[in-house]
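Below: protein03.pdb (PDB, C-alpha atoms)
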```pdb
ATOM      1  CA  MET A   3       7.174 -21.326  14.361
ATOM      2  CA  GLY A   4       7.474 -21.140  10.593
ATOM      3  CA  GLU A   5       4.374 -23.136   9.858
ATOM      4  CA  SER A   6       2.190 -21.632  12.535
ATOM      5  CA  ILE A   7       2.554 -18.060  11.326
ATOM      6  CA  PHE A   8       2.054 -18.992   7.685
ATOM      7  CA  GLU A   9      -1.731 -19.212   7.708
ATOM      8  CA  ALA A  10      -2.072 -16.366  10.199
ATOM      9  CA  ASN A  11      -0.022 -14.151   7.921
ATOM     10  CA  LEU A  12      -2.147 -15.071   4.915
ATOM     11  CA  ILE A  13      -5.278 -14.198   6.875
ATOM     12  CA  LEU A  14      -3.671 -10.927   7.973
ATOM     13  CA  SER A  15      -2.787 -10.122   4.376
ATOM     14  CA  LEU A  16      -6.346 -10.913   3.325
ATOM     15  CA  PHE A  17      -7.706  -8.715   6.097
ATOM     16  CA  LEU A  18      -5.519  -5.775   5.080
ATOM     17  CA  PHE A  19      -6.605  -6.197   1.471
ATOM     18  CA  THR A  20     -10.282  -6.233   2.475
ATOM     19  CA  VAL A  21      -9.814  -3.096   4.574
ATOM     20  CA  GLY A  22      -8.193  -1.508   1.529
ATOM     21  CA  ILE A  23     -11.152  -2.452  -0.665
ATOM     22  CA  LEU A  24     -13.574  -1.092   1.941
ATOM     23  CA  GLY A  25     -11.606   2.124   2.074
ATOM     24  CA  VAL A  26     -11.759   2.514  -1.702
ATOM     25  CA  MET A  27     -15.503   1.862  -1.635
ATOM     26  CA  TRP A  28     -16.401   3.982   1.385
ATOM     27  CA  LYS A  29     -14.115   6.975   1.411
ATOM     28  CA  ARG A  30     -14.921  10.041  -0.646
ATOM     29  CA  ASN A  31     -11.687  11.913  -0.227
ATOM     30  CA  ALA A  32      -9.193  11.179  -3.003
ATOM     31  CA  ILE A  33      -6.216  11.035  -0.649
ATOM     32  CA  SER A  34      -7.942   8.621   1.733
ATOM     33  CA  LEU A  35      -8.747   6.520  -1.303
ATOM     34  CA  PHE A  36      -5.108   6.561  -2.314
ATOM     35  CA  MET A  37      -4.021   5.495   1.157
ATOM     36  CA  SER A  38      -6.379   2.536   0.914
ATOM     37  CA  VAL A  39      -4.685   1.560  -2.338
ATOM     38  CA  GLU A  40      -1.331   1.705  -0.542
ATOM     39  CA  LEU A  41      -2.802  -0.580   2.111
ATOM     40  CA  MET A  42      -3.768  -3.086  -0.579
ATOM     41  CA  LEU A  43      -0.251  -2.966  -2.045
ATOM     42  CA  ASN A  44       1.131  -3.659   1.426
ATOM     43  CA  ALA A  45      -1.193  -6.635   1.790
ATOM     44  CA  ALA A  46       0.142  -8.038  -1.479
ATOM     45  CA  ASN A  47       3.702  -7.490  -0.237
ATOM     46  CA  LEU A  48       2.934  -9.370   2.957
ATOM     47  CA  ALA A  49       1.544 -12.298   0.967
ATOM     48  CA  PHE A  50       4.666 -12.346  -1.228
ATOM     49  CA  VAL A  51       7.032 -12.356   1.734
ATOM     50  CA  THR A  52       4.977 -14.988   3.546
ATOM     51  CA  PHE A  53       5.091 -17.371   0.601
ATOM     52  CA  ALA A  54       8.785 -16.655   0.059
ATOM     53  CA  PHE A  55       9.436 -17.524   3.688
ATOM     54  CA  GLN A  56       7.320 -20.650   3.597
ATOM     55  CA  HIS A  57       8.882 -22.048   0.449
ATOM     56  CA  GLY A  58      12.398 -20.845   1.116
ATOM     57  CA  ILE A  59      12.619 -18.984  -2.179
ATOM     58  CA  ILE A  60      14.126 -15.531  -2.098
ATOM     59  CA  ASP A  61      12.331 -14.287  -5.256
ATOM     60  CA  GLY A  62       9.376 -12.989  -3.239
ATOM     61  CA  GLY A  63      11.595 -10.354  -1.688
ATOM     62  CA  ILE A  64      12.603  -9.080  -5.121
ATOM     63  CA  LEU A  65       8.993  -8.788  -6.216
ATOM     64  CA  VAL A  66       8.312  -6.815  -3.045
ATOM     65  CA  LEU A  67      11.089  -4.399  -3.975
ATOM     66  CA  PHE A  68       9.568  -3.906  -7.429
ATOM     67  CA  ILE A  69       6.112  -3.361  -5.952
ATOM     68  CA  MET A  70       7.531  -0.734  -3.615
ATOM     69  CA  THR A  71       9.128   1.079  -6.543
ATOM     70  CA  VAL A  72       5.857   1.083  -8.441
ATOM     71  CA  ALA A  73       4.041   2.312  -5.315
ATOM     72  CA  ALA A  74       6.521   5.148  -4.906
ATOM     73  CA  ALA A  75       6.161   6.198  -8.553
ATOM     74  CA  GLU A  76       2.395   5.960  -8.236
ATOM     75  CA  ALA A  77       2.361   8.100  -5.105
ATOM     76  CA  GLY A  78       4.512  10.763  -6.746
ATOM     77  CA  VAL A  79       2.421  11.088  -9.899
ATOM     78  CA  GLY A  80      -0.932  10.587  -8.144
ATOM     79  CA  LEU A  81      -0.344  13.241  -5.526
ATOM     80  CA  ALA A  82       0.838  15.655  -8.224
ATOM     81  CA  ILE A  83      -2.437  15.004 -10.060
ATOM     82  CA  PHE A  84      -4.394  15.659  -6.862
ATOM     83  CA  ILE A  85      -2.617  18.964  -6.315
ATOM     84  CA  ALA A  86      -3.316  20.013  -9.915
ATOM     85  CA  LEU A  87      -6.963  18.968  -9.525
ATOM     86  CA  PHE A  88      -7.319  20.799  -6.231
ATOM     87  CA  ARG A  89      -5.958  23.941  -7.824
ATOM     88  CA  VAL A  90      -8.769  23.891 -10.403
ATOM     89  CA  ARG A  91     -11.716  22.644  -8.368
ATOM     90  CA  ARG A  92     -10.835  23.502  -4.723
ATOM     91  CA  HIS A  93     -11.988  20.106  -3.439
ATOM     92  CA  LEU A  94     -11.084  16.425  -3.795
ATOM     93  CA  ARG A  95     -14.407  14.640  -3.296
ATOM     94  CA  VAL A  96     -14.139  11.907  -5.885
ATOM     95  CA  ASP A  97     -17.882  11.470  -6.475
ATOM     96  CA  GLU A  98     -18.222  15.111  -7.509
ATOM     97  CA  HIS A  99     -15.400  15.024 -10.038
ATOM     98  CA  ASP A 100     -17.415  13.950 -13.070
ATOM     99  CA  MET A 101     -15.863  16.023 -15.821
ATOM    100  CA  LEU A 102     -15.636  12.943 -18.050
ATOM    101  CA  HIS A 103     -19.251  12.052 -17.372
ATOM    102  CA  GLY A 104     -20.941  12.109 -20.799
TER
ATOM    103  CA  MET B  15       7.029 -16.783  23.485
ATOM    104  CA  ALA B  16       7.859 -15.840  19.921
ATOM    105  CA  LEU B  17       4.320 -16.779  18.945
ATOM    106  CA  VAL B  18       2.905 -14.478  21.645
ATOM    107  CA  ILE B  19       4.907 -11.602  20.211
ATOM    108  CA  TYR B  20       3.673 -12.498  16.766
ATOM    109  CA  TYR B  21       0.035 -12.405  17.820
ATOM    110  CA  VAL B  22       0.480  -9.100  19.640
ATOM    111  CA  LEU B  23       1.893  -7.781  16.376
ATOM    112  CA  PHE B  24      -1.077  -9.251  14.514
ATOM    113  CA  GLY B  25      -3.451  -7.363  16.824
ATOM    114  CA  ILE B  26      -1.539  -4.112  16.411
ATOM    115  CA  THR B  27      -1.653  -4.416  12.631
ATOM    116  CA  VAL B  28      -5.394  -5.111  12.638
ATOM    117  CA  LEU B  29      -6.097  -2.167  14.953
ATOM    118  CA  PHE B  30      -4.054   0.253  12.882
ATOM    119  CA  ALA B  31      -5.717  -0.963   9.668
ATOM    120  CA  LEU B  32      -9.143  -0.324  11.201
ATOM    121  CA  GLY B  33      -7.857   3.082  12.232
ATOM    122  CA  VAL B  34      -6.994   3.835   8.612
ATOM    123  CA  LEU B  35     -10.500   2.858   7.603
ATOM    124  CA  PHE B  36     -12.556   4.601  10.287
ATOM    125  CA  ASN B  37     -10.706   7.855  10.955
ATOM    126  CA  ARG B  38     -12.403  10.856   9.418
ATOM    127  CA  ASN B  39      -9.383  13.033   9.931
ATOM    128  CA  THR B  40      -7.000  12.377   7.037
ATOM    129  CA  VAL B  41      -3.870  13.069   9.069
ATOM    130  CA  ARG B  42      -4.833  10.512  11.723
ATOM    131  CA  SER B  43      -5.608   8.055   8.972
ATOM    132  CA  ALA B  44      -2.131   8.585   7.512
ATOM    133  CA  ILE B  45      -0.501   8.116  10.922
ATOM    134  CA  CYS B  46      -2.400   4.847  11.340
ATOM    135  CA  LEU B  47      -1.120   3.769   7.928
ATOM    136  CA  VAL B  48       2.427   4.476   9.137
ATOM    137  CA  GLY B  49       1.659   2.177  12.074
ATOM    138  CA  VAL B  50       0.477  -0.588   9.749
ATOM    139  CA  MET B  51       3.636  -0.292   7.680
ATOM    140  CA  ALA B  52       5.933  -0.353  10.708
ATOM    141  CA  ALA B  53       4.122  -3.404  12.090
ATOM    142  CA  LEU B  54       4.496  -5.110   8.710
ATOM    143  CA  ALA B  55       8.218  -4.352   8.793
ATOM    144  CA  VAL B  56       8.481  -6.141  12.145
ATOM    145  CA  ASN B  57       6.521  -8.993  10.608
ATOM    146  CA  TYR B  58       9.106  -9.209   7.810
ATOM    147  CA  LEU B  59      11.851  -9.268  10.439
ATOM    148  CA  ILE B  60      10.148 -12.228  12.106
ATOM    149  CA  MET B  61      10.200 -13.963   8.727
ATOM    150  CA  ARG B  62      13.938 -13.220   8.494
ATOM    151  CA  GLN B  63      13.671 -10.892   5.505
ATOM    152  CA  GLU B  64      15.824  -8.175   7.022
ATOM    153  CA  PHE B  65      16.503  -6.241   3.851
ATOM    154  CA  VAL B  66      12.841  -6.082   2.862
ATOM    155  CA  ALA B  67      11.947  -4.900   6.369
ATOM    156  CA  PHE B  68      14.578  -2.177   6.153
ATOM    157  CA  ILE B  69      13.353  -1.028   2.747
ATOM    158  CA  GLN B  70       9.785  -1.116   4.019
ATOM    159  CA  ILE B  71      10.672   1.375   6.742
ATOM    160  CA  VAL B  72      12.818   3.595   4.542
ATOM    161  CA  VAL B  73      10.666   3.718   1.425
ATOM    162  CA  TYR B  74       7.139   3.398   2.768
ATOM    163  CA  THR B  75       7.163   5.138   6.110
ATOM    164  CA  GLY B  76      10.113   7.351   5.305
ATOM    165  CA  ALA B  77       9.303   8.507   1.797
ATOM    166  CA  ILE B  78       5.781   7.697   0.646
ATOM    167  CA  MET B  79       3.954   8.524   3.872
ATOM    168  CA  VAL B  80       5.902  11.740   4.340
ATOM    169  CA  LEU B  81       4.850  12.703   0.824
ATOM    170  CA  PHE B  82       1.243  11.925   1.765
ATOM    171  CA  LEU B  83       1.489  14.037   4.912
ATOM    172  CA  PHE B  84       2.965  16.936   2.942
ATOM    173  CA  VAL B  85       0.115  16.855   0.454
ATOM    174  CA  ILE B  86      -2.507  16.594   3.219
ATOM    175  CA  MET B  87      -0.858  19.556   4.910
ATOM    176  CA  LEU B  88      -0.945  21.560   1.666
ATOM    177  CA  LEU B  89      -4.568  20.796   0.863
ATOM    178  CA  ASN B  90      -6.173  20.727   4.345
ATOM    179  CA  LEU B  91      -8.706  17.985   3.650
ATOM    180  CA  ARG B  92     -11.417  16.255   5.627
ATOM    181  CA  GLU B  93     -13.803  13.449   4.941
ATOM    182  CA  PRO B  94     -17.121  15.142   4.144
ATOM    183  CA  GLU B  95     -19.808  14.404   6.711
ATOM    184  CA  VAL B  96     -23.040  14.563   4.761
ATOM    185  CA  MET B  97     -23.611  11.645   2.473
ATOM    186  CA  PRO B  98     -25.877  11.631  -0.598
ATOM    187  CA  TRP B  99     -28.392   8.784  -0.790
ATOM    188  CA  TYR B 100     -26.780   7.064  -3.793
ATOM    189  CA  LEU B 101     -23.508   6.814  -1.873
ATOM    190  CA  ARG B 102     -25.236   5.206   1.093
ATOM    191  CA  LYS B 103     -26.512   2.459  -1.188
ATOM    192  CA  ALA B 104     -23.064   2.071  -2.753
ATOM    193  CA  ARG B 105     -21.513   1.803   0.704
ATOM    194  CA  PHE B 106     -23.884  -0.976   1.690
ATOM    195  CA  TRP B 107     -23.266  -3.061  -1.409
ATOM    196  CA  GLY B 108     -19.539  -2.343  -1.351
ATOM    197  CA  GLY B 109     -19.302  -3.526   2.241
ATOM    198  CA  ALA B 110     -21.345  -6.648   1.565
ATOM    199  CA  LEU B 111     -19.261  -7.609  -1.453
ATOM    200  CA  SER B 112     -16.011  -7.008   0.467
ATOM    201  CA  LEU B 113     -17.194  -9.287   3.250
ATOM    202  CA  VAL B 114     -18.064 -11.977   0.692
ATOM    203  CA  PHE B 115     -14.583 -11.544  -0.788
ATOM    204  CA  PHE B 116     -12.934 -11.823   2.618
ATOM    205  CA  PHE B 117     -14.771 -14.924   3.764
ATOM    206  CA  THR B 118     -14.412 -16.703   0.439
ATOM    207  CA  LEU B 119     -10.668 -16.216   0.375
ATOM    208  CA  ALA B 120     -10.311 -16.992   4.096
ATOM    209  CA  LEU B 121     -12.086 -20.267   3.442
ATOM    210  CA  ALA B 122      -9.730 -20.896   0.532
ATOM    211  CA  VAL B 123      -6.725 -20.261   2.787
ATOM    212  CA  GLN B 124      -8.089 -22.667   5.396
ATOM    213  CA  VAL B 125      -8.849 -25.403   2.893
ATOM    214  CA  TRP B 126      -6.036 -25.225   0.410
ATOM    215  CA  THR B 127      -2.925 -24.151   2.268
ATOM    216  CA  VAL B 128      -0.335 -26.855   1.993
ATOM    217  CA  SER B 129       0.962 -27.243   5.503
ATOM    218  CA  GLY B 130       4.378 -28.665   5.986
ATOM    219  CA  VAL B 131       7.709 -27.484   4.666
ATOM    220  CA  THR B 132       8.445 -27.914   0.992
ATOM    221  CA  PRO B 133      11.781 -29.452  -0.076
ATOM    222  CA  GLY B 134      12.952 -26.125  -1.458
ATOM    223  CA  ALA B 135      12.625 -24.527   1.948
ATOM    224  CA  ILE B 136      14.918 -27.060   3.565
ATOM    225  CA  GLU B 137      17.546 -26.725   0.853
ATOM    226  CA  ASN B 138      17.468 -22.964   0.964
ATOM    227  CA  GLU B 139      17.594 -22.886   4.750
ATOM    228  CA  ALA B 140      20.579 -25.226   4.734
ATOM    229  CA  PHE B 141      22.235 -23.135   2.050
ATOM    230  CA  ILE B 142      21.808 -19.935   4.042
ATOM    231  CA  LYS B 143      23.024 -21.579   7.232
ATOM    232  CA  GLU B 144      26.055 -23.285   5.701
ATOM    233  CA  SER B 145      27.322 -20.519   3.490
ATOM    234  CA  GLY B 146      26.323 -17.825   5.933
ATOM    235  CA  THR B 147      25.314 -15.654   2.998
ATOM    236  CA  PRO B 148      23.207 -12.723   4.203
ATOM    237  CA  GLU B 149      19.839 -12.164   2.582
ATOM    238  CA  VAL B 150      21.016  -8.908   0.987
ATOM    239  CA  ILE B 151      23.636 -10.719  -1.053
ATOM    240  CA  LEU B 152      21.154 -13.327  -2.260
ATOM    241  CA  LEU B 153      18.657 -10.637  -3.200
ATOM    242  CA  SER B 154      21.147  -8.439  -5.010
ATOM    243  CA  THR B 155      22.625 -11.371  -6.891
ATOM    244  CA  LEU B 156      19.169 -12.379  -8.079
ATOM    245  CA  MET B 157      18.375  -8.813  -8.981
ATOM    246  CA  ILE B 158      21.308  -8.382 -11.355
ATOM    247  CA  THR B 159      21.049 -11.836 -12.886
ATOM    248  CA  LYS B 160      17.557 -13.299 -13.153
ATOM    249  CA  TYR B 161      15.619 -10.069 -12.702
ATOM    250  CA  VAL B 162      17.864  -7.662 -14.584
ATOM    251  CA  ALA B 163      15.252  -6.747 -17.202
ATOM    252  CA  PRO B 164      12.546  -5.765 -14.665
ATOM    253  CA  PHE B 165      15.237  -3.897 -12.756
ATOM    254  CA  ILE B 166      16.090  -1.725 -15.778
ATOM    255  CA  LEU B 167      12.406  -1.242 -16.585
ATOM    256  CA  THR B 168      11.859  -0.082 -13.009
ATOM    257  CA  SER B 169      14.521   2.577 -13.387
ATOM    258  CA  ILE B 170      12.833   3.815 -16.561
ATOM    259  CA  LEU B 171       9.502   3.829 -14.717
ATOM    260  CA  LEU B 172      10.969   5.967 -11.955
ATOM    261  CA  LEU B 173      12.398   8.417 -14.464
ATOM    262  CA  VAL B 174       9.040   8.714 -16.229
ATOM    263  CA  ALA B 175       7.281   9.163 -12.883
ATOM    264  CA  VAL B 176       9.608  11.975 -11.856
ATOM    265  CA  ILE B 177       9.104  13.805 -15.162
ATOM    266  CA  GLY B 178       5.345  13.208 -14.966
ATOM    267  CA  ALA B 179       5.136  14.587 -11.424
ATOM    268  CA  ILE B 180       7.008  17.732 -12.451
ATOM    269  CA  VAL B 181       4.795  18.268 -15.500
ATOM    270  CA  MET B 182       1.625  17.740 -13.451
ATOM    271  CA  ALA B 183       2.706  20.132 -10.727
ATOM    272  CA  LYS B 184       3.500  23.009 -13.102
ATOM    273  CA  ARG B 185       1.134  25.938 -13.407
ATOM    274  CA  TYR B 186       0.042  27.506 -16.678
ATOM    275  CA  ASP B 187      -1.662  30.826 -17.368
ATOM    276  CA  GLU B 188      -4.460  31.423 -19.877
ATOM    277  CA  ASP B 189      -2.183  31.436 -22.922
ATOM    278  CA  GLY B 190      -0.677  28.120 -21.962
ATOM    279  CA  GLN B 191       2.528  29.790 -20.866
ATOM    280  CA  GLU B 192       4.285  28.296 -17.902
ATOM    281  CA  ILE B 193       4.177  30.341 -14.696
ATOM    282  CA  ILE B 194       7.619  30.492 -13.173
ATOM    283  CA  SER B 195       7.385  33.175 -10.497
ATOM    284  CA  GLU B 196       6.481  32.130  -6.987
ATOM    285  CA  GLU B 197       3.766  34.709  -6.295
ATOM    286  CA  GLU B 198       0.670  33.028  -4.939
ATOM    287  CA  VAL B 199      -2.248  33.544  -7.312
ATOM    288  CA  SER B 200      -5.085  32.085  -5.300
TER
END
```
Can the structure from this file be put into structure tokens for me?
Amino acid sequence: MGESIFEANLILSLFLFTVGILGVMWKRNAISLFMSVELMLNAANLAFVTFAFQHGIIDGGILVLFIMTVAAAEAGVGLAIFIALFRVRRHLRVDEHDMLHG
Amino acid sequence: MALVIYYVLFGITVLFALGVLFNRNTVRSAICLVGVMAALAVNYLIMRQEFVAFIQIVVYTGAIMVLFLFVIMLLNLREPEVMPWYLRKARFWGGALSLVFFFTLALAVQVWTVSGVTPGAIENEAFIKESGTPEVILLSTLMITKYVAPFILTSILLLVAVIGAIVMAKRYDEDGQEIISEEEVS
């Protein structure tokens, strides 16, 4: 079973990553965008665990733990930024937030 | 049989991921993302990474997604329906480039994956079977020996993130003074 799910899992990881990219490109709502980024992080986690399983090295699991920590920190700070932004502008449509536009 | 279960899981993951992408309602999108994460946790269980699966459920679905749902609830958001022309063009090219990305890498996976078990896998498998050491013990041992520096850096990162979130969420009045009272100003 180990070998047969290896490639399928890589394809699944690739698919999740592509869906994440599509979400970042297509969505206009900042929170939807952020969820797509989480999806991409999950795809990377899946690839790590798959390779760790295939090669019998446990290090992949540790990297997954670190990625999860970074994702949690990112979610905390990012959502706080969104709330602060929403308080000023009353919307979160990313293409209309162009305050830094020259 | 196990492979059938795996492919059912594969289908569930794909469906939930498409749900994240195509739902206009942000709450439904978030629920679909919870589904993806739970399915991935089962996938980790199949690959005998019990601790990672457990952490996946607790941290991702338990903490991060609940945070997302709270913020969605606070802000009451929707995907806007009307789309300016420049975004339509961007959507087309974004989709095309993503498809190119997907098929290129899928081809790479098909061509270059080394099938067959590497020597390390056999040794590790034998080690786990003989010593009966659970995965948690292996992980934690690695974490406080080989990966101790990233571990400490991660704790600093979390501390900085907590402080940053508090600073971002504070409210200030016109003079730059912090607003402490809980009266709603909007």
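Here the PyMOL selection byres ((chain A) within 6 of (chain B)) matches the residues Gly25, Met27, Trp28, Asn31, His57, Gly58, Ala75, Val79, Ala82 and Ile83 of chain A.
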Task: Option closest in space to Phe19 in chain A, from A:Ile7, A:Ile33, A:Ala77, A:Ala49 [counting all atoms listed in the file] - done: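 The closest residue to Phe19 in chain A is A:Ala49.
Take CA of Asp61 in chain A and CA of Val80 in chain B: the distance between them is 28.5 Å.
Going from CA of Ile193 in chain B to CA of Met101 in chain A covers 24.7 Å.
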TODO: Name all residues at most 6 Å from Gly62 in chain A (count only C-alpha atoms; drop same-chain ones fewer than 5 positions away) and give them as a ChimeraX atom specification.
DONE: /A:50-51,54
Task: Gap from CA of Val72 in chain B to CA of Arg42 in chain B - Å, one decimal - done: 20.3 Å
Which centre and which edge lengths, in Å to one decimal, describe the axis-aligned box that holds all listed atoms of range 54-58 of chain A after 4 Å is added on each side, as lines of an AutoDock Vina configuration file?
```
center_x = 9.9
center_y = -19.4
center_z = 1.9
size_x = 13.1
size_y = 13.4
size_z = 11.6
```
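When all atoms listed in the file are used to measure the gap to Lys29 in chain A, the shortest distance among A:Arg95, A:Gln56, A:Ser6, A:Leu81 belongs to A:Arg95.
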Task: Using only C-alpha atoms: which of A:Ile59, A:Ile85, A:Ala45, A:Ile64 has the shortest distance to Leu12 in chain A - done: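 The closest residue to Leu12 in chain A is A:Ala45.
The point (-8.6, -2.6, -1.9) has these residues within 10 Å of it when all atoms listed in the file are used: Leu18, Phe19, Thr20, Val21, Gly22, Ile23, Leu24, Gly25, Val26, Met27, Leu35, Phe36, Met37, Ser38, Val39, Glu40, Leu41, Met42, Leu43 and Ala45 of chain A; Ser112 of chain B.
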Task: Of the listed residues B:Ala163, B:Leu59, B:Ile45, B:Val125, that which approaches Glu9 in chain A most closely, counting all atoms listed in the file - done: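 Nearest candidate to Glu9 in chain A out of B:Ala163, B:Leu59, B:Ile45, B:Val125: B:Val125.
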